[in-house]
$ cat data.pdb   # PDB, C-alpha atoms and all ligand atoms
MODEL        1
ATOM      1  CA  MET X 913      68.068  70.570 -10.245
ATOM      2  CA  ILE X 914      69.342  70.369  -6.640
ATOM      3  CA  ALA X 915      69.397  73.498  -4.457
ATOM      4  CA  ILE X 916      70.974  74.082  -1.060
ATOM      5  CA  THR X 917      69.995  76.843   1.334
ATOM      6  CA  GLY X 918      72.644  77.832   3.865
ATOM      7  CA  ALA X 919      75.108  77.091   1.070
ATOM      8  CA  SER X 920      77.573  79.639   2.465
ATOM      9  CA  GLY X 921      77.935  77.747   5.775
ATOM     10  CA  HIS X 922      80.267  74.900   6.715
ATOM     11  CA  LEU X 923      77.843  72.061   5.991
ATOM     12  CA  GLY X 924      76.448  73.702   2.847
ATOM     13  CA  LYS X 925      79.875  74.285   1.304
ATOM     14  CA  ALA X 926      81.057  70.781   2.163
ATOM     15  CA  THR X 927      77.895  69.274   0.629
ATOM     16  CA  LEU X 928      78.414  71.298  -2.537
ATOM     17  CA  ASP X 929      82.025  70.061  -2.682
ATOM     18  CA  PHE X 930      80.815  66.455  -2.669
ATOM     19  CA  LEU X 931      77.930  67.149  -5.065
ATOM     20  CA  LEU X 932      80.402  68.596  -7.557
ATOM     21  CA  THR X 933      82.187  65.228  -7.617
ATOM     22  CA  LYS X 934      78.913  63.447  -8.452
ATOM     23  CA  THR X 935      76.929  65.688 -10.775
ATOM     24  CA  ASN X 936      77.458  68.602 -13.134
ATOM     25  CA  PRO X 937      77.585  72.155 -11.761
ATOM     26  CA  GLU X 938      74.754  73.325 -14.037
ATOM     27  CA  SER X 939      72.330  71.166 -12.017
ATOM     28  CA  LEU X 940      73.304  72.792  -8.695
ATOM     29  CA  VAL X 941      71.940  75.950  -7.081
ATOM     30  CA  ALA X 942      73.544  77.625  -4.049
ATOM     31  CA  ILE X 943      70.995  79.761  -2.204
ATOM     32  CA  VAL X 944      72.695  82.362  -0.029
ATOM     33  CA  ARG X 945      72.188  85.746   1.567
ATOM     34  CA  ASP X 946      75.531  87.022   0.333
ATOM     35  CA  SER X 947      76.848  85.800  -3.019
ATOM     36  CA  GLN X 948      80.369  87.001  -2.147
ATOM     37  CA  LYS X 949      80.638  84.075   0.292
ATOM     38  CA  VAL X 950      80.387  81.439  -2.446
ATOM     39  CA  THR X 951      82.408  82.840  -5.341
ATOM     40  CA  GLU X 952      84.443  79.599  -5.474
ATOM     41  CA  PHE X 953      81.265  77.725  -6.462
ATOM     42  CA  ALA X 954      80.094  80.396  -8.941
ATOM     43  CA  ASP X 955      83.525  80.074 -10.584
ATOM     44  CA  LYS X 956      82.904  76.328 -11.023
ATOM     45  CA  GLY X 957      79.550  76.924 -12.744
ATOM     46  CA  VAL X 958      77.134  76.493  -9.817
ATOM     47  CA  SER X 959      74.141  78.895 -10.019
ATOM     48  CA  VAL X 960      74.159  81.293  -7.096
ATOM     49  CA  ARG X 961      70.807  82.783  -6.118
ATOM     50  CA  GLN X 962      69.869  85.208  -3.366
ATOM     51  CA  GLY X 963      67.471  83.852  -0.739
ATOM     52  CA  ASP X 964      66.874  84.839   2.873
ATOM     53  CA  TYR X 965      64.870  82.686   5.298
ATOM     54  CA  THR X 966      63.147  85.863   6.520
ATOM     55  CA  ASP X 967      62.080  86.952   3.001
ATOM     56  CA  PRO X 968      59.480  84.582   1.486
ATOM     57  CA  ALA X 969      59.479  86.268  -1.955
ATOM     58  CA  SER X 970      63.246  85.844  -2.295
ATOM     59  CA  LEU X 971      62.896  82.154  -1.398
ATOM     60  CA  VAL X 972      60.168  81.473  -3.980
ATOM     61  CA  ALA X 973      62.225  83.185  -6.694
ATOM     62  CA  SER X 974      65.401  81.325  -5.710
ATOM     63  CA  LEU X 975      63.650  77.949  -5.973
ATOM     64  CA  ALA X 976      62.408  78.319  -9.564
ATOM     65  CA  GLY X 977      63.033  75.088 -11.494
ATOM     66  CA  VAL X 978      64.392  73.250  -8.437
ATOM     67  CA  ASP X 979      63.344  69.591  -7.950
ATOM     68  CA  THR X 980      65.231  68.744  -4.774
ATOM     69  CA  LEU X 981      66.057  71.123  -1.942
ATOM     70  CA  LEU X 982      68.406  70.701   0.997
ATOM     71  CA  LEU X 983      67.127  73.017   3.733
ATOM     72  CA  ILE X 984      70.010  73.546   6.136
ATOM     73  CA  SER X 985      68.607  74.607   9.480
ATOM     74  CA  SER X 986      69.015  78.263  10.395
ATOM     75  CA  ALA X 987      71.530  79.487  12.930
ATOM     76  CA  VAL X 988      68.915  81.447  14.947
ATOM     77  CA  LEU X 989      66.908  79.644  17.617
ATOM     78  CA  GLY X 990      63.392  79.370  19.012
ATOM     79  CA  GLU X 991      60.184  80.596  17.393
ATOM     80  CA  GLU X 992      62.064  82.748  14.882
ATOM     81  CA  ARG X 993      63.918  79.680  13.637
ATOM     82  CA  VAL X 994      60.697  77.733  13.151
ATOM     83  CA  ARG X 995      59.177  80.749  11.351
ATOM     84  CA  GLN X 996      62.170  80.878   9.001
ATOM     85  CA  HIS X 997      61.994  77.155   8.260
ATOM     86  CA  SER X 998      58.244  77.470   7.711
ATOM     87  CA  ASN X 999      58.949  80.201   5.135
ATOM     88  CA  VAL X1000      61.290  77.871   3.249
ATOM     89  CA  ILE X1001      58.836  74.950   3.282
ATOM     90  CA  ALA X1002      55.988  77.185   2.055
ATOM     91  CA  ALA X1003      58.226  78.633  -0.662
ATOM     92  CA  ALA X1004      59.250  75.135  -1.761
ATOM     93  CA  ASN X1005      55.598  74.209  -2.146
ATOM     94  CA  GLU X1006      54.822  77.397  -4.055
ATOM     95  CA  ALA X1007      57.806  76.989  -6.368
ATOM     96  CA  GLY X1008      56.954  73.365  -7.210
ATOM     97  CA  VAL X1009      59.889  71.710  -5.435
ATOM     98  CA  LYS X1010      59.236  67.968  -5.130
ATOM     99  CA  HIS X1011      61.530  66.725  -2.385
ATOM    100  CA  VAL X1012      62.943  68.560   0.637
ATOM    101  CA  PHE X1013      65.849  67.283   2.743
ATOM    102  CA  TYR X1014      66.139  68.855   6.200
ATOM    103  CA  THR X1015      68.987  68.875   8.738
ATOM    104  CA  SER X1016      67.478  68.103  12.152
ATOM    105  CA  ALA X1017      68.868  66.841  15.471
ATOM    106  CA  PRO X1018      68.597  63.569  17.434
ATOM    107  CA  ASN X1019      65.430  62.865  19.396
ATOM    108  CA  PRO X1020      63.626  66.127  18.657
ATOM    109  CA  SER X1021      60.752  66.681  21.071
ATOM    110  CA  LEU X1022      58.930  69.354  23.032
ATOM    111  CA  THR X1023      60.800  68.232  26.137
ATOM    112  CA  SER X1024      64.340  68.050  24.713
ATOM    113  CA  SER X1025      66.931  69.399  27.153
ATOM    114  CA  PHE X1026      68.928  70.491  24.103
ATOM    115  CA  THR X1027      66.583  73.377  23.232
ATOM    116  CA  PRO X1028      67.439  73.606  19.486
ATOM    117  CA  ALA X1029      65.849  70.143  19.176
ATOM    118  CA  ILE X1030      62.495  71.696  20.130
ATOM    119  CA  ASP X1031      62.692  73.871  16.978
ATOM    120  CA  HIS X1032      63.587  70.766  14.981
ATOM    121  CA  PHE X1033      60.541  68.961  16.390
ATOM    122  CA  HIS X1034      58.270  71.742  15.085
ATOM    123  CA  THR X1035      60.058  71.953  11.728
ATOM    124  CA  GLU X1036      59.954  68.185  11.157
ATOM    125  CA  ASN X1037      56.198  68.258  11.774
ATOM    126  CA  LEU X1038      55.743  71.198   9.390
ATOM    127  CA  LEU X1039      57.723  69.414   6.691
ATOM    128  CA  ILE X1040      56.006  66.054   7.128
ATOM    129  CA  GLY X1041      52.605  67.773   7.065
ATOM    130  CA  SER X1042      53.467  69.923   4.034
ATOM    131  CA  GLY X1043      52.637  67.335   1.385
ATOM    132  CA  LEU X1044      56.196  67.545   0.045
ATOM    133  CA  THR X1045      58.325  64.436  -0.169
ATOM    134  CA  TYR X1046      60.826  64.656   2.687
ATOM    135  CA  THR X1047      64.048  63.186   3.986
ATOM    136  CA  ILE X1048      65.134  64.163   7.466
ATOM    137  CA  PHE X1049      68.764  63.885   8.535
ATOM    138  CA  ARG X1050      68.805  63.944  12.350
ATOM    139  CA  ASN X1051      72.447  64.969  12.567
ATOM    140  CA  ASN X1052      74.221  64.125  15.805
ATOM    141  CA  LEU X1053      76.707  66.511  17.435
ATOM    142  CA  TYR X1054      79.604  67.425  15.191
ATOM    143  CA  LEU X1055      83.029  66.090  16.148
ATOM    144  CA  ASP X1056      84.122  69.469  14.827
ATOM    145  CA  VAL X1057      82.684  71.229  17.915
ATOM    146  CA  LEU X1058      84.581  69.002  20.372
ATOM    147  CA  PRO X1059      87.689  71.233  20.644
ATOM    148  CA  MET X1060      85.429  73.844  22.264
ATOM    149  CA  VAL X1061      84.310  71.264  24.847
ATOM    150  CA  ILE X1062      87.812  69.854  25.387
ATOM    151  CA  GLY X1063      89.340  73.282  26.084
ATOM    152  CA  ASP X1064      92.639  72.921  27.962
ATOM    153  CA  ALA X1065      91.958  69.368  29.216
ATOM    154  CA  VAL X1066      95.159  67.997  27.679
ATOM    155  CA  GLN X1067      97.278  70.621  29.477
ATOM    156  CA  THR X1068      95.500  70.348  32.858
ATOM    157  CA  GLY X1069      94.854  66.598  32.758
ATOM    158  CA  LYS X1070      91.211  67.257  33.697
ATOM    159  CA  LEU X1071      88.067  67.252  31.588
ATOM    160  CA  PRO X1072      85.283  68.771  33.706
ATOM    161  CA  TYR X1073      81.826  68.310  32.134
ATOM    162  CA  PRO X1074      78.373  67.452  33.539
ATOM    163  CA  ALA X1075      77.447  64.554  31.242
ATOM    164  CA  GLY X1076      77.447  61.651  33.712
ATOM    165  CA  ASP X1077      77.751  58.394  31.775
ATOM    166  CA  GLY X1078      75.789  59.824  28.850
ATOM    167  CA  LYS X1079      76.979  58.820  25.396
ATOM    168  CA  THR X1080      77.018  60.656  22.068
ATOM    169  CA  SER X1081      77.302  59.346  18.499
ATOM    170  CA  PHE X1082      79.601  62.217  17.444
ATOM    171  CA  VAL X1083      80.030  62.660  13.685
ATOM    172  CA  LEU X1084      82.330  64.637  11.417
ATOM    173  CA  ARG X1085      80.501  67.422   9.569
ATOM    174  CA  ARG X1086      82.191  66.479   6.285
ATOM    175  CA  ASP X1087      80.949  62.891   6.668
ATOM    176  CA  ILE X1088      77.395  64.217   7.002
ATOM    177  CA  ALA X1089      77.992  66.354   3.908
ATOM    178  CA  GLU X1090      79.170  63.352   1.896
ATOM    179  CA  GLY X1091      76.166  61.352   3.071
ATOM    180  CA  LEU X1092      73.861  64.197   2.090
ATOM    181  CA  ALA X1093      75.437  64.465  -1.360
ATOM    182  CA  ASN X1094      75.027  60.715  -1.887
ATOM    183  CA  ALA X1095      71.370  60.841  -0.844
ATOM    184  CA  LEU X1096      70.585  64.036  -2.794
ATOM    185  CA  THR X1097      71.761  62.308  -5.979
ATOM    186  CA  ALA X1098      69.718  59.126  -5.327
ATOM    187  CA  THR X1099      66.510  60.624  -3.998
ATOM    188  CA  ALA X1100      64.105  57.766  -4.818
ATOM    189  CA  LYS X1101      65.702  55.547  -2.135
ATOM    190  CA  HIS X1102      65.226  58.164   0.539
ATOM    191  CA  GLU X1103      61.642  59.318   0.076
ATOM    192  CA  ASN X1104      59.767  60.049   3.326
ATOM    193  CA  LYS X1105      62.550  58.705   5.540
ATOM    194  CA  VAL X1106      63.793  59.969   8.899
ATOM    195  CA  TYR X1107      67.441  59.066   9.509
ATOM    196  CA  ASP X1108      69.561  59.113  12.661
ATOM    197  CA  ILE X1109      72.851  60.411  11.311
ATOM    198  CA  GLY X1110      75.950  59.790  13.388
ATOM    199  CA  ALA X1111      78.480  57.138  14.247
ATOM    200  CA  SER X1112      77.602  53.445  14.430
ATOM    201  CA  THR X1113      78.697  53.590  18.067
ATOM    202  CA  ALA X1114      78.375  56.112  20.882
ATOM    203  CA  TRP X1115      81.040  57.455  23.239
ATOM    204  CA  SER X1116      80.933  58.651  26.843
ATOM    205  CA  PHE X1117      82.990  61.498  28.245
ATOM    206  CA  SER X1118      85.178  58.874  29.937
ATOM    207  CA  ASP X1119      85.927  57.555  26.434
ATOM    208  CA  LEU X1120      86.681  61.112  25.312
ATOM    209  CA  ALA X1121      89.049  61.716  28.238
ATOM    210  CA  ALA X1122      90.803  58.387  27.581
ATOM    211  CA  GLY X1123      91.269  59.352  23.922
ATOM    212  CA  LEU X1124      92.855  62.673  24.910
ATOM    213  CA  GLY X1125      95.670  61.067  26.876
ATOM    214  CA  HIS X1126      98.827  60.406  24.880
ATOM    215  CA  ASP X1127     102.615  59.986  25.289
ATOM    216  CA  GLY X1128     102.206  58.770  28.880
ATOM    217  CA  THR X1129      99.911  61.644  29.952
ATOM    218  CA  THR X1130      96.365  60.965  31.087
ATOM    219  CA  VAL X1131      93.226  63.071  31.183
ATOM    220  CA  ALA X1132      90.622  62.404  33.885
ATOM    221  CA  TYR X1133      86.929  63.001  33.238
ATOM    222  CA  LEU X1134      85.357  64.939  36.126
ATOM    223  CA  ASP X1135      81.577  64.575  36.155
ATOM    224  CA  ILE X1136      80.769  67.987  37.647
ATOM    225  CA  PRO X1137      77.286  69.222  38.656
ATOM    226  CA  GLY X1138      75.299  70.952  35.891
ATOM    227  CA  SER X1139      74.980  74.071  38.074
ATOM    228  CA  ALA X1140      78.784  74.424  38.322
ATOM    229  CA  TYR X1141      79.121  74.131  34.530
ATOM    230  CA  GLU X1142      76.373  76.705  34.000
ATOM    231  CA  ALA X1143      78.079  79.144  36.395
ATOM    232  CA  GLU X1144      81.372  78.705  34.496
ATOM    233  CA  LEU X1145      79.666  79.263  31.128
ATOM    234  CA  ALA X1146      77.941  82.402  32.456
ATOM    235  CA  LYS X1147      81.356  83.994  33.059
ATOM    236  CA  HIS X1148      82.074  83.947  29.316
ATOM    237  CA  LEU X1149      78.781  83.717  27.407
ATOM    238  CA  PRO X1150      75.459  85.579  27.136
ATOM    239  CA  PRO X1151      72.399  83.877  28.733
ATOM    240  CA  PRO X1152      70.958  82.364  25.491
ATOM    241  CA  ALA X1153      74.265  80.628  24.741
ATOM    242  CA  VAL X1154      74.483  79.395  28.344
ATOM    243  CA  THR X1155      71.028  77.823  27.951
ATOM    244  CA  ILE X1156      72.075  76.016  24.757
ATOM    245  CA  PHE X1157      75.391  74.662  26.035
ATOM    246  CA  ALA X1158      74.059  73.723  29.480
ATOM    247  CA  GLY X1159      71.074  72.076  27.766
ATOM    248  CA  MET X1160      73.406  70.192  25.436
ATOM    249  CA  ALA X1161      75.307  68.762  28.426
ATOM    250  CA  GLU X1162      72.056  67.845  30.171
ATOM    251  CA  GLY X1163      70.794  66.262  26.952
ATOM    252  CA  ILE X1164      73.984  64.184  26.658
ATOM    253  CA  LYS X1165      73.586  63.054  30.278
ATOM    254  CA  LYS X1166      69.968  62.016  29.621
ATOM    255  CA  GLY X1167      70.922  60.065  26.491
ATOM    256  CA  GLU X1168      69.350  62.401  23.899
ATOM    257  CA  PHE X1169      72.439  62.003  21.686
ATOM    258  CA  ASP X1170      72.963  58.292  22.332
ATOM    259  CA  VAL X1171      71.692  57.219  18.922
ATOM    260  CA  PRO X1172      74.194  54.852  17.311
ATOM    261  CA  SER X1173      73.089  54.086  13.792
ATOM    262  CA  SER X1174      74.532  52.382  10.719
ATOM    263  CA  THR X1175      72.604  54.680   8.334
ATOM    264  CA  LEU X1176      75.465  57.073   7.639
ATOM    265  CA  ALA X1177      77.922  54.190   7.191
ATOM    266  CA  GLU X1178      75.504  52.716   4.628
ATOM    267  CA  LEU X1179      75.177  56.065   2.834
ATOM    268  CA  LEU X1180      78.972  56.440   2.727
ATOM    269  CA  GLY X1181      79.852  52.820   1.990
ATOM    270  CA  ARG X1182      82.370  53.019   4.868
ATOM    271  CA  GLU X1183      82.389  53.823   8.579
ATOM    272  CA  PRO X1184      82.324  57.549   9.359
ATOM    273  CA  LEU X1185      85.343  58.979  11.195
ATOM    274  CA  SER X1186      85.520  57.682  14.778
ATOM    275  CA  LEU X1187      86.148  59.711  17.928
ATOM    276  CA  ASP X1188      89.645  58.242  18.286
ATOM    277  CA  GLU X1189      90.541  58.994  14.674
ATOM    278  CA  PHE X1190      89.307  62.557  15.126
ATOM    279  CA  LEU X1191      91.300  63.075  18.343
ATOM    280  CA  LYS X1192      94.446  61.680  16.659
ATOM    281  CA  SER X1193      93.946  64.165  13.811
ATOM    282  CA  LEU X1194      93.803  67.000  16.387
ATOM    283  CA  ALA X1195      96.983  65.878  18.109
TER     284      ALA X1195
HETATM  285  N1  LIG Q1201      75.055  69.040  14.894
HETATM  286  C1  LIG Q1201      75.816  70.007  15.389
HETATM  287  O1  LIG Q1201      76.757  69.766  16.195
HETATM  288  C2  LIG Q1201      75.572  71.421  14.974
HETATM  289  C3  LIG Q1201      76.474  72.417  15.376
HETATM  290  C4  LIG Q1201      76.247  73.717  14.963
HETATM  291  C5  LIG Q1201      75.135  74.011  14.186
HETATM  292  N2  LIG Q1201      74.280  73.032  13.806
HETATM  293  C6  LIG Q1201      73.083  73.315  12.968
HETATM  294  O2  LIG Q1201      73.387  72.853  11.661
HETATM  295  C7  LIG Q1201      73.308  73.934  10.714
HETATM  296  C8  LIG Q1201      74.399  73.778   9.687
HETATM  297  O3  LIG Q1201      75.659  73.742  10.332
HETATM  298  P1  LIG Q1201      76.861  74.612   9.772
HETATM  299  O4  LIG Q1201      78.051  74.146  10.509
HETATM  300  O5  LIG Q1201      76.868  74.639   8.294
HETATM  301  O6  LIG Q1201      76.447  76.084  10.296
HETATM  302  P2  LIG Q1201      76.979  77.482   9.730
HETATM  303  O7  LIG Q1201      78.342  77.341   9.155
HETATM  304  O8  LIG Q1201      76.766  78.483  10.817
HETATM  305  O9  LIG Q1201      75.984  77.810   8.519
HETATM  306  C9  LIG Q1201      74.694  78.297   8.733
HETATM  307  C10 LIG Q1201      74.146  78.708   7.376
HETATM  308  O10 LIG Q1201      72.808  79.191   7.560
HETATM  309  C11 LIG Q1201      72.692  80.383   6.786
HETATM  310  N3  LIG Q1201      71.653  81.249   7.305
HETATM  311  C12 LIG Q1201      71.512  81.701   8.567
HETATM  312  N4  LIG Q1201      70.465  82.538   8.636
HETATM  313  C13 LIG Q1201      69.948  82.609   7.373
HETATM  314  C14 LIG Q1201      68.878  83.316   6.802
HETATM  315  N5  LIG Q1201      68.114  84.158   7.525
HETATM  316  N6  LIG Q1201      68.627  83.154   5.484
HETATM  317  C15 LIG Q1201      69.390  82.325   4.727
HETATM  318  N7  LIG Q1201      70.440  81.634   5.220
HETATM  319  C16 LIG Q1201      70.708  81.785   6.521
HETATM  320  C17 LIG Q1201      74.046  81.055   6.942
HETATM  321  O11 LIG Q1201      74.180  82.067   5.976
HETATM  322  P3  LIG Q1201      75.228  83.293   6.153
HETATM  323  O12 LIG Q1201      76.543  82.782   5.626
HETATM  324  O13 LIG Q1201      74.650  84.372   5.312
HETATM  325  O14 LIG Q1201      75.277  83.651   7.607
HETATM  326  C18 LIG Q1201      74.951  79.846   6.717
HETATM  327  O15 LIG Q1201      75.080  79.580   5.348
HETATM  328  C19 LIG Q1201      73.420  75.198  11.580
HETATM  329  O16 LIG Q1201      72.799  76.286  10.948
HETATM  330  C20 LIG Q1201      72.724  74.769  12.851
HETATM  331  O17 LIG Q1201      71.306  74.854  12.701
HETATM  332  C21 LIG Q1201      74.487  71.736  14.157
ENDMDL
END
$ encode --input "data.pdb" --output "structure tokens" --more "lines below"
Ligand SMILES: NC(=O)c1ccc[n+]([C@@H]2O[C@H](COP(=O)([O-])OP(=O)(O)OC[C@H]3O[C@@H](n4cnc5c(N)ncnc54)[C@H](OP(=O)(O)O)[C@@H]3O)[C@@H](O)[C@H]2O)c1
Amino acid sequence: MIAITGASGHLGKATLDFLLTKTNPESLVAIVRDSQKVTEFADKGVSVRQGDYTDPASLVASLAGVDTLLLISSAVLGEERVRQHSNVIAAANEAGVKHVFYTSAPNPSLTSSFTPAIDHFHTENLLIGSGLTYTIFRNNLYLDVLPMVIGDAVQTGKLPYPAGDGKTSFVLRRDIAEGLANALTATAKHENKVYDIGASTAWSFSDLAAGLGHDGTTVAYLDIPGSAYEAELAKHLPPPAVTIFAGMAEGIKKGEFDVPSSTLAELLGREPLSLDEFLKSLA
């Protein structure tokens, strides 16, 4: 039996979609806080169980009979996030789960500029030290979040961002989901592996700006100072969000997301969607 926590989120639902094309619904468990969010899967025969990362007893109960678990990282950040992930790993051990897949981030370390990667560093260590068989998907930045970064660049002809020449192996969330589904249904090949999950290439913000120009219009990448970007973010976002987004830009500039890898292409049996293909789909 394969279970997914965070099954009500974007990545969880997409992974369930792909799993349903590969295995029967009776072998799938969607673990969620609110069952109303996944009625489409219950209707197809997937078991829906209640489990909250903050409630260890609910997690142990939800994992009964599960062999393989996909732990989708929590949306909260910092120590609370690590505590929640620790609850899931402990519950998996208690419930007799054999193999845990975890969604991490590139280059997790105590000194990551992208602060969520610090939580991933701690969680990876907890999982690897847990005695459970593990597979870690270090998912690169989603292409899906790029529209937020691009903003009105196409209209203004300017893409201001403080990433220098830093490159990112952006990846479509649904491609990650398909890769996860393929790995979750062939677990033996992926035991105790840590994968960099993203495109086989990496793109700079100059590449992004070039891809945004079309029909004779051009977009220029403006490599602005990090402090100017932070000040702009602070006009619209609360301080914790400013820290994350400013840290993400700094991390890109330092190369934390410059992790081209053929692993996802191998899992998919094709290249994942490229930056250009994604930008064309937006246009
Ligand atoms: N690589 C990237 O660019 C990128 C971007 C954004 C996020 N992420 C990370 O990747 C994860 C998956 O991405 P996503 O797009 O699927 O995010 P998402 O749509 O926000 O889904 C997050 C999931 O986590 C669940 N969750 C949150 N707190 C929980 C708790 N206390 N107990 C049980 N479940 C809980 C949510 O449940 P509810 O439906 O009940 O809220 C939801 O199902 C995110 O959670 C985040 O850690 C990565």
$ closest_residue --input "data.pdb" --among "X:Lys1165, X:Arg1050, X:His1148, X:Arg995" --to "Ile1109 (chain X)" --atoms "all atoms listed in the file"
X:Arg1050
$ residues_near_ligand --input "data.pdb" --ligand "ligand LIG 1201 (chain Q)" --cutoff "9 Å" --atoms "only C-alpha atoms and all ligand atoms" --output "number ranges by chain"
X: 917-926, 943-947, 949, 962-967, 971, 984-989, 993, 996, 1015-1018, 1028, 1050-1058, 1082-1085
$ resolve_selection --input "data.pdb" --expression "the PyMOL selection byres (((chain X and resi 1110-1113) around 8) and not hetatm)" --output "PyMOL selection string"
chain X and resi 1051-1053+1081-1083+1088+1108-1109+1114-1115+1171-1177+1183-1186
$ residues_near_point --input "data.pdb" --point "(52.5, 69.6, 19.2)" --cutoff "9 Å" --atoms "all atoms listed in the file" --output "number ranges by chain"
X: 1021-1022, 1033-1034, 1037
$ residues_around --input "data.pdb" --residues "region 1070-1077 of chain X" --least-positions-apart "4" --cutoff "10 Å" --atoms "all atoms listed in the file" --output "count of residues only"
36
$ atom_distance --input "data.pdb" --atom1 "CA of Ala1098 (chain X)" --atom2 "CA of Leu1038 (chain X)"
23.6 Å
$ resolve_selection --input "data.pdb" --expression "the PyMOL selection byres (((chain X and resi 1090) around 10) and not hetatm)" --output "number ranges by chain"
X: 923, 926-931, 1085-1089, 1091-1096, 1176, 1179-1180, 1184
$ closest_residue --input "data.pdb" --among "X:Ala1146, X:Leu1039, X:Ile1030, X:Val941" --to "His997 (chain X)" --atoms "all atoms listed in the file"
X:Leu1039
$ atom_distance --input "data.pdb" --atom1 "CA of Leu1044 (chain X)" --atom2 "CA of Ala1029 (chain X)"
21.6 Å
$ closest_residue --input "data.pdb" --among "X:Glu991, X:Glu952, X:Asp1188, X:Asp979" --to "Phe1013 (chain X)" --atoms "only C-alpha atoms"
X:Asp979
$ closest_residue --input "data.pdb" --among "X:Asn1019, X:Tyr1014, X:Phe1026, X:Ala1003" --to "Ile1156 (chain X)" --atoms "all atoms listed in the file"
X:Phe1026
$ resolve_selection --input "data.pdb" --expression "the PyMOL selection byres (((chain X and resi 938) around 7) and not hetatm)" --output "JSON list (two decimals) with C-alpha atoms, in the coordinates of the input"
[["chain", "number", "residue", "atom", "x", "y", "z"],
["X", 936, "ASN", "CA", 77.46, 68.60, -13.13],
["X", 937, "PRO", "CA", 77.58, 72.16, -11.76],
["X", 939, "SER", "CA", 72.33, 71.17, -12.02],
["X", 940, "LEU", "CA", 73.30, 72.79, -8.70],
["X", 957, "GLY", "CA", 79.55, 76.92, -12.74],
["X", 958, "VAL", "CA", 77.13, 76.49, -9.82],
["X", 959, "SER", "CA", 74.14, 78.90, -10.02]]
$ axis_aligned_box --input "data.pdb" --around "region 1025-1029 of chain X" --padding-each-side "3 Å" --output "AutoDock Vina command-line options"
--center_x 67.4 --center_y 71.5 --center_z 23.2 --size_x 9.1 --size_y 10.2 --size_z 14.0
$ atom_distance --input "data.pdb" --atom1 "CA of Thr1129 (chain X)" --atom2 "CA of Leu1145 (chain X)"
26.9 Å
$ closest_residue --input "data.pdb" --among "X:Lys956, X:Thr1027, X:Glu1006, X:Gly1043" --to "Thr1155 (chain X)" --atoms "only C-alpha atoms"
X:Thr1027
$ closest_residue --input "data.pdb" --among "X:Leu1191, X:Val994, X:Thr1045, X:Thr1023" --to "Ala1100 (chain X)" --atoms "all atoms listed in the file"
X:Thr1045
